[in-house]
Amino acid sequence: MRVQLVDPSAFTPPYDRSLAGALARAGVDVELVTSRFLYGTVPAADGYEVNEMFYRRGGRRRLLKLAEHAPDMLRYGRHAGQADLVHWQWLSVEQLDAWLLPAKRPRVLTAHNVIAHEQRLGQAFARRRLLTAMDAVVVHSHYGAAQAAELGADPSRVHVIPHGAFDYLTRQEGELPLPPELAAVDVPVVLFFGLIREYKGVEVLLRAWRSVPDAELWIVGAPRMDMTPLRTLAPARVRFVPRFVDDLELPAYFRRADLVVLPYREADQSGVLYTALAFGKPLVLSDVGGFGEVGAGRMVPPGDEAALADALRELLGDAGARSALADAAAHAAAGPFSWDAVAQRTLALYRELLDA
């Protein structure tokens with residue numbers, strides 16, 4: 001079986017490459033069709049082929065990428081004939097891709113975010129068209145399945161396959177240490193990690209932090225919003241690391257954290273959650289989207305500053321409770337959220353489609 005995994009803009013190299021590697025271990029001939037990732041290192045290809053055929057001239061310049069997009073999609077449409085099945089991870093310009101989608105079938109789309117966090121003009125219509133054009137849609141939670149059905153996807157074509165835990169991050173050669181000023185911290189650390197965006201509820205976390213004593217909060221990730229209000233809101237004992245953190249830097253932050261917190265206002269899933277699972281970290285999670293379906297973490301209502309503060313204070317003061325949550329995270333990462341388990345469920349879907 002020859003499968004092409006397609007992520008034109010390299011939105012999620014960790015996911016793409018983890019799935020490709022697991023499918024290759026399961027005996028699938030896998031080609032990852034993508035573009036060059038410009039922001040840091042990516043997992044090495046392990047048993048599969050990588051074809052960086054998209055956006056070979058545009059780089060980070062949006063207008064050049066847009067100019068290349070339609071010709072690249074048309075060229076890819078010819079290349080898709082070499083596959084038995086095409087599995088789209090993302091579609092870069094959905095308003096165009098709804099009309100440019102190659103005819104190759106069967107075709108699968110993983111809807112990582114069924115409803116986009118930041119909607120653009122025409123995107124809802126385009127996404128509805130794309131979902132209905134697929135032979136199968138993969139979502140990561142039952143919550144996502146319900147959203148896909150609301151957008152018009154045939155429920156019989158929607159398949160819940162979990163997101164895998166990013167365990168490759170735990171065994172990299174050349175891990176980098178924490179910056180000296182962070183390595184010198186000698187109190188418990190709560191970590192917020194990832195791109196800083198409006199929907200992630202950082203301001204809720206900062207308000208909750210005012211009543212959490214004797215610990216530090218680290219907010220680590222590249223900003224995608226104005227940071228001035230967050231810095232103004234931040235109480236004492238908060239450190240910002242407002243930049244992209246590469247794979248080789250990342251483990252030091254997670255290994256040091258006593259708790260990882262995701263105070264999101266809304267979401268389906270998050271790669272940060274599956275990174276924390278891989279490191280076996282105790283989690284405090286907003287009860288949004290599919291977070292509760294993971295079965296690992298202390299859940300709090302989204303936007304509830306008092307409940308978030310209570311959970312943080314309680315867990316920072318109870319090593320036994322943190323240890324139980326850490327065990328739950330580690331068991332989840334080794335079990336249903338392992339990439340081999342994800343690959344087996346994905347392969348079963350592929351066989352069903354090809355047999356049909």
# chains A, B, ... in the order shown; residues from 1 in each chain; ligands from 1
$ residues_around --residues "Ala183 (chain A)" --least-positions-apart "6" --cutoff "10 Å" --atoms "only C-alpha atoms" --output "PDB file with N, CA, C and O atoms, in the first residue's frame"
ATOM      1  N   PRO A 177      20.150  22.760  27.421  1.00  0.00           N
ATOM      2  CA  PRO A 177      19.713  23.066  28.790  1.00  0.00           C
ATOM      3  C   PRO A 177      18.857  24.322  28.831  1.00  0.00           C
ATOM      4  O   PRO A 177      18.782  25.090  27.865  1.00  0.00           O
ATOM      5  N   ALA A 252      13.863  20.594  28.062  1.00  0.00           N
ATOM      6  CA  ALA A 252      14.300  21.166  29.340  1.00  0.00           C
ATOM      7  C   ALA A 252      13.158  21.889  30.042  1.00  0.00           C
ATOM      8  O   ALA A 252      13.047  21.829  31.282  1.00  0.00           O
ATOM      9  N   TYR A 253      12.300  22.546  29.296  1.00  0.00           N
ATOM     10  CA  TYR A 253      11.163  23.246  29.901  1.00  0.00           C
ATOM     11  C   TYR A 253      10.175  22.254  30.499  1.00  0.00           C
ATOM     12  O   TYR A 253       9.676  22.445  31.618  1.00  0.00           O
ATOM     13  N   ARG A 256      11.504  20.364  33.620  1.00  0.00           N
ATOM     14  CA  ARG A 256      11.577  21.209  34.819  1.00  0.00           C
ATOM     15  C   ARG A 256      10.207  21.498  35.418  1.00  0.00           C
ATOM     16  O   ARG A 256      10.077  21.727  36.624  1.00  0.00           O
TER      17      ARG A 256
END
$ residues_around --residues "region 276-287 of chain A" --least-positions-apart "3" --cutoff "7 Å" --atoms "only C-alpha atoms" --output "MDAnalysis selection string"
chainID A and resid 165:167 170 254 259:264 272:273 291:292 297:302 322 325:327 329:330 333
$ residues_around --residues "Val33 (chain A)" --least-positions-apart "6" --cutoff "7 Å" --atoms "only C-alpha atoms" --output "ChimeraX atom specification"
/A:4-8,50-53
$ write_last_selection --atoms "N, CA and C atoms" --output "mmCIF file, in the first residue's frame"
data_model
loop_
_atom_site.group_PDB
_atom_site.id
_atom_site.type_symbol
_atom_site.label_atom_id
_atom_site.label_comp_id
_atom_site.auth_asym_id
_atom_site.auth_seq_id
_atom_site.Cartn_x
_atom_site.Cartn_y
_atom_site.Cartn_z
ATOM 1 N N GLN A 4 0.212 8.730 0.436
ATOM 2 C CA GLN A 4 0.819 10.055 0.510
ATOM 3 C C GLN A 4 0.133 10.847 1.619
ATOM 4 N N LEU A 5 0.913 11.286 2.614
ATOM 5 C CA LEU A 5 0.455 12.228 3.613
ATOM 6 C C LEU A 5 0.811 13.616 3.099
ATOM 7 N N VAL A 6 -0.151 14.539 3.071
ATOM 8 C CA VAL A 6 0.063 15.830 2.416
ATOM 9 C C VAL A 6 -0.197 16.965 3.402
ATOM 10 N N ASP A 7 0.832 17.789 3.615
ATOM 11 C CA ASP A 7 0.753 18.994 4.450
ATOM 12 C C ASP A 7 1.507 20.091 3.701
ATOM 13 N N PRO A 8 0.836 20.783 2.766
ATOM 14 C CA PRO A 8 1.561 21.700 1.884
ATOM 15 C C PRO A 8 2.394 22.746 2.610
ATOM 16 N N VAL A 50 10.346 11.855 2.119
ATOM 17 C CA VAL A 50 9.869 13.228 2.248
ATOM 18 C C VAL A 50 10.066 13.929 0.908
ATOM 19 N N ASN A 51 9.002 14.537 0.418
ATOM 20 C CA ASN A 51 9.023 15.249 -0.862
ATOM 21 C C ASN A 51 8.575 16.682 -0.594
ATOM 22 N N GLU A 52 9.514 17.622 -0.618
ATOM 23 C CA GLU A 52 9.211 19.035 -0.345
ATOM 24 C C GLU A 52 8.902 19.754 -1.657
ATOM 25 N N MET A 53 7.759 19.414 -2.234
ATOM 26 C CA MET A 53 7.432 19.918 -3.565
ATOM 27 C C MET A 53 6.610 21.199 -3.537
#
$ residues_around --residues "Leu316 (chain A)" --least-positions-apart "4" --cutoff "9 Å" --atoms "only C-alpha atoms" --output "list in words"
Pro188, Val189, Val190, Val212, Ala215, Asp258, Leu259, Ala311, Leu312, Ala321 and Arg322 of chain A
$ closest_residue --among "A:Ala309, A:Met227, A:Val93, A:Ala257" --to "Pro213 (chain A)" --atoms "only C-alpha atoms"
A:Ala309
$ closest_residue --among "A:Arg345, A:Met134, A:Tyr39, A:Leu176" --to "Ser156 (chain A)" --atoms "only C-alpha atoms"
A:Met134
$ closest_residue --among "A:Asp29, A:Glu293, A:Asp154, A:Glu181" --to "Arg239 (chain A)" --atoms "only C-alpha atoms"
A:Glu181
$ select_by_dssp --residues "region 213-263 of chain A" --states "alpha helix (DSSP H)" --output "PyMOL selection string"
chain A and resi 228-233+250-256
$ write_last_selection --atoms "C-alpha atoms" --output "PDB file, in the first residue's frame"
ATOM      1  CA  THR A 228       1.426  44.480  26.240  1.00  0.00           C
ATOM      2  CA  PRO A 229      -1.890  43.726  28.025  1.00  0.00           C
ATOM      3  CA  LEU A 230      -0.539  40.387  29.265  1.00  0.00           C
ATOM      4  CA  ARG A 231       2.633  41.945  30.646  1.00  0.00           C
ATOM      5  CA  THR A 232       0.562  44.649  32.334  1.00  0.00           C
ATOM      6  CA  LEU A 233      -1.724  42.035  33.845  1.00  0.00           C
ATOM      7  CA  LEU A 250      11.762  22.102  24.499  1.00  0.00           C
ATOM      8  CA  PRO A 251      12.539  19.072  26.716  1.00  0.00           C
ATOM      9  CA  ALA A 252      14.300  21.166  29.340  1.00  0.00           C
ATOM     10  CA  TYR A 253      11.163  23.246  29.901  1.00  0.00           C
ATOM     11  CA  PHE A 254       8.884  20.237  30.258  1.00  0.00           C
ATOM     12  CA  ARG A 255      11.298  18.256  32.430  1.00  0.00           C
ATOM     13  CA  ARG A 256      11.577  21.209  34.819  1.00  0.00           C
TER      14      ARG A 256
END
$ closest_residue --among "A:Leu195, A:Val202, A:Leu23, A:Val342" --to "Pro223 (chain A)" --atoms "only C-alpha atoms"
A:Leu195
$ residues_around --residues "Ala343 (chain A)" --least-positions-apart "4" --cutoff "6 Å" --atoms "only C-alpha atoms" --output "list in words"
Ala22, Leu23, Trp339 and Leu347 of chain A
$ write_last_selection --atoms "all heavy atoms" --output "mmCIF file, in the first residue's frame"
data_model
loop_
_atom_site.group_PDB
_atom_site.id
_atom_site.type_symbol
_atom_site.label_atom_id
_atom_site.label_comp_id
_atom_site.auth_asym_id
_atom_site.auth_seq_id
_atom_site.Cartn_x
_atom_site.Cartn_y
_atom_site.Cartn_z
ATOM 1 N N ALA A 22 5.198 5.891 12.131
ATOM 2 C CA ALA A 22 4.433 4.778 12.694
ATOM 3 C C ALA A 22 3.779 3.948 11.589
ATOM 4 O O ALA A 22 3.730 2.712 11.669
ATOM 5 C CB ALA A 22 3.380 5.313 13.661
ATOM 6 N N LEU A 23 3.264 4.603 10.554
ATOM 7 C CA LEU A 23 2.698 3.862 9.431
ATOM 8 C C LEU A 23 3.775 3.051 8.711
ATOM 9 O O LEU A 23 3.530 1.905 8.299
ATOM 10 C CB LEU A 23 2.027 4.826 8.457
ATOM 11 C CG LEU A 23 0.704 5.448 8.911
ATOM 12 C CD1 LEU A 23 0.284 6.560 7.955
ATOM 13 C CD2 LEU A 23 -0.392 4.391 9.014
ATOM 14 N N TRP A 339 1.873 6.302 19.127
ATOM 15 C CA TRP A 339 1.779 6.422 17.673
ATOM 16 C C TRP A 339 1.538 5.079 17.008
ATOM 17 O O TRP A 339 0.873 5.015 15.961
ATOM 18 C CB TRP A 339 3.024 7.103 17.116
ATOM 19 C CG TRP A 339 2.962 8.566 17.345
ATOM 20 C CD1 TRP A 339 3.638 9.285 18.280
ATOM 21 C CD2 TRP A 339 2.110 9.500 16.658
ATOM 22 N NE1 TRP A 339 3.268 10.611 18.228
ATOM 23 C CE2 TRP A 339 2.340 10.773 17.244
ATOM 24 C CE3 TRP A 339 1.189 9.397 15.627
ATOM 25 C CZ2 TRP A 339 1.671 11.919 16.811
ATOM 26 C CZ3 TRP A 339 0.516 10.528 15.190
ATOM 27 C CH2 TRP A 339 0.766 11.777 15.781
ATOM 28 N N LEU A 347 -4.436 2.680 9.729
ATOM 29 C CA LEU A 347 -4.269 1.653 8.699
ATOM 30 C C LEU A 347 -5.569 0.877 8.487
ATOM 31 O O LEU A 347 -5.916 0.527 7.342
ATOM 32 C CB LEU A 347 -3.132 0.714 9.100
ATOM 33 C CG LEU A 347 -2.747 -0.395 8.130
ATOM 34 C CD1 LEU A 347 -2.457 0.160 6.746
ATOM 35 C CD2 LEU A 347 -1.524 -1.154 8.665
#
$ closest_residue --among "A:Leu205, A:Leu191, A:Ala153, A:Ala80" --to "Val241 (chain A)" --atoms "only C-alpha atoms"
A:Leu191
$ closest_residue --among "A:Leu101, A:Ala148, A:Val238, A:Leu74" --to "Arg210 (chain A)" --atoms "only C-alpha atoms"
A:Val238
$ atom_distance --atom1 "CA of Ala356 (chain A)" --atom2 "CA of Val86 (chain A)"
15.2 Å
$ select_by_dssp --residues "region 73-270 of chain A" --states "strand (DSSP E)" --output "ChimeraX atom specification"
/A:85-88,107-110,136-139,158-160,189-193,216-220,238-241,259-262
$ residues_around --residues "region 128-133 of chain A" --least-positions-apart "2" --cutoff "10 Å" --atoms "only C-alpha atoms" --output "MDAnalysis selection string"
chainID A and resid 91 94:95 97:99 101 107:111 114:115 123:126 135:137 148:154 157:158
$ atom_distance --atom1 "CA of Leu353 (chain A)" --atom2 "CA of Ala267 (chain A)"
29.1 Å
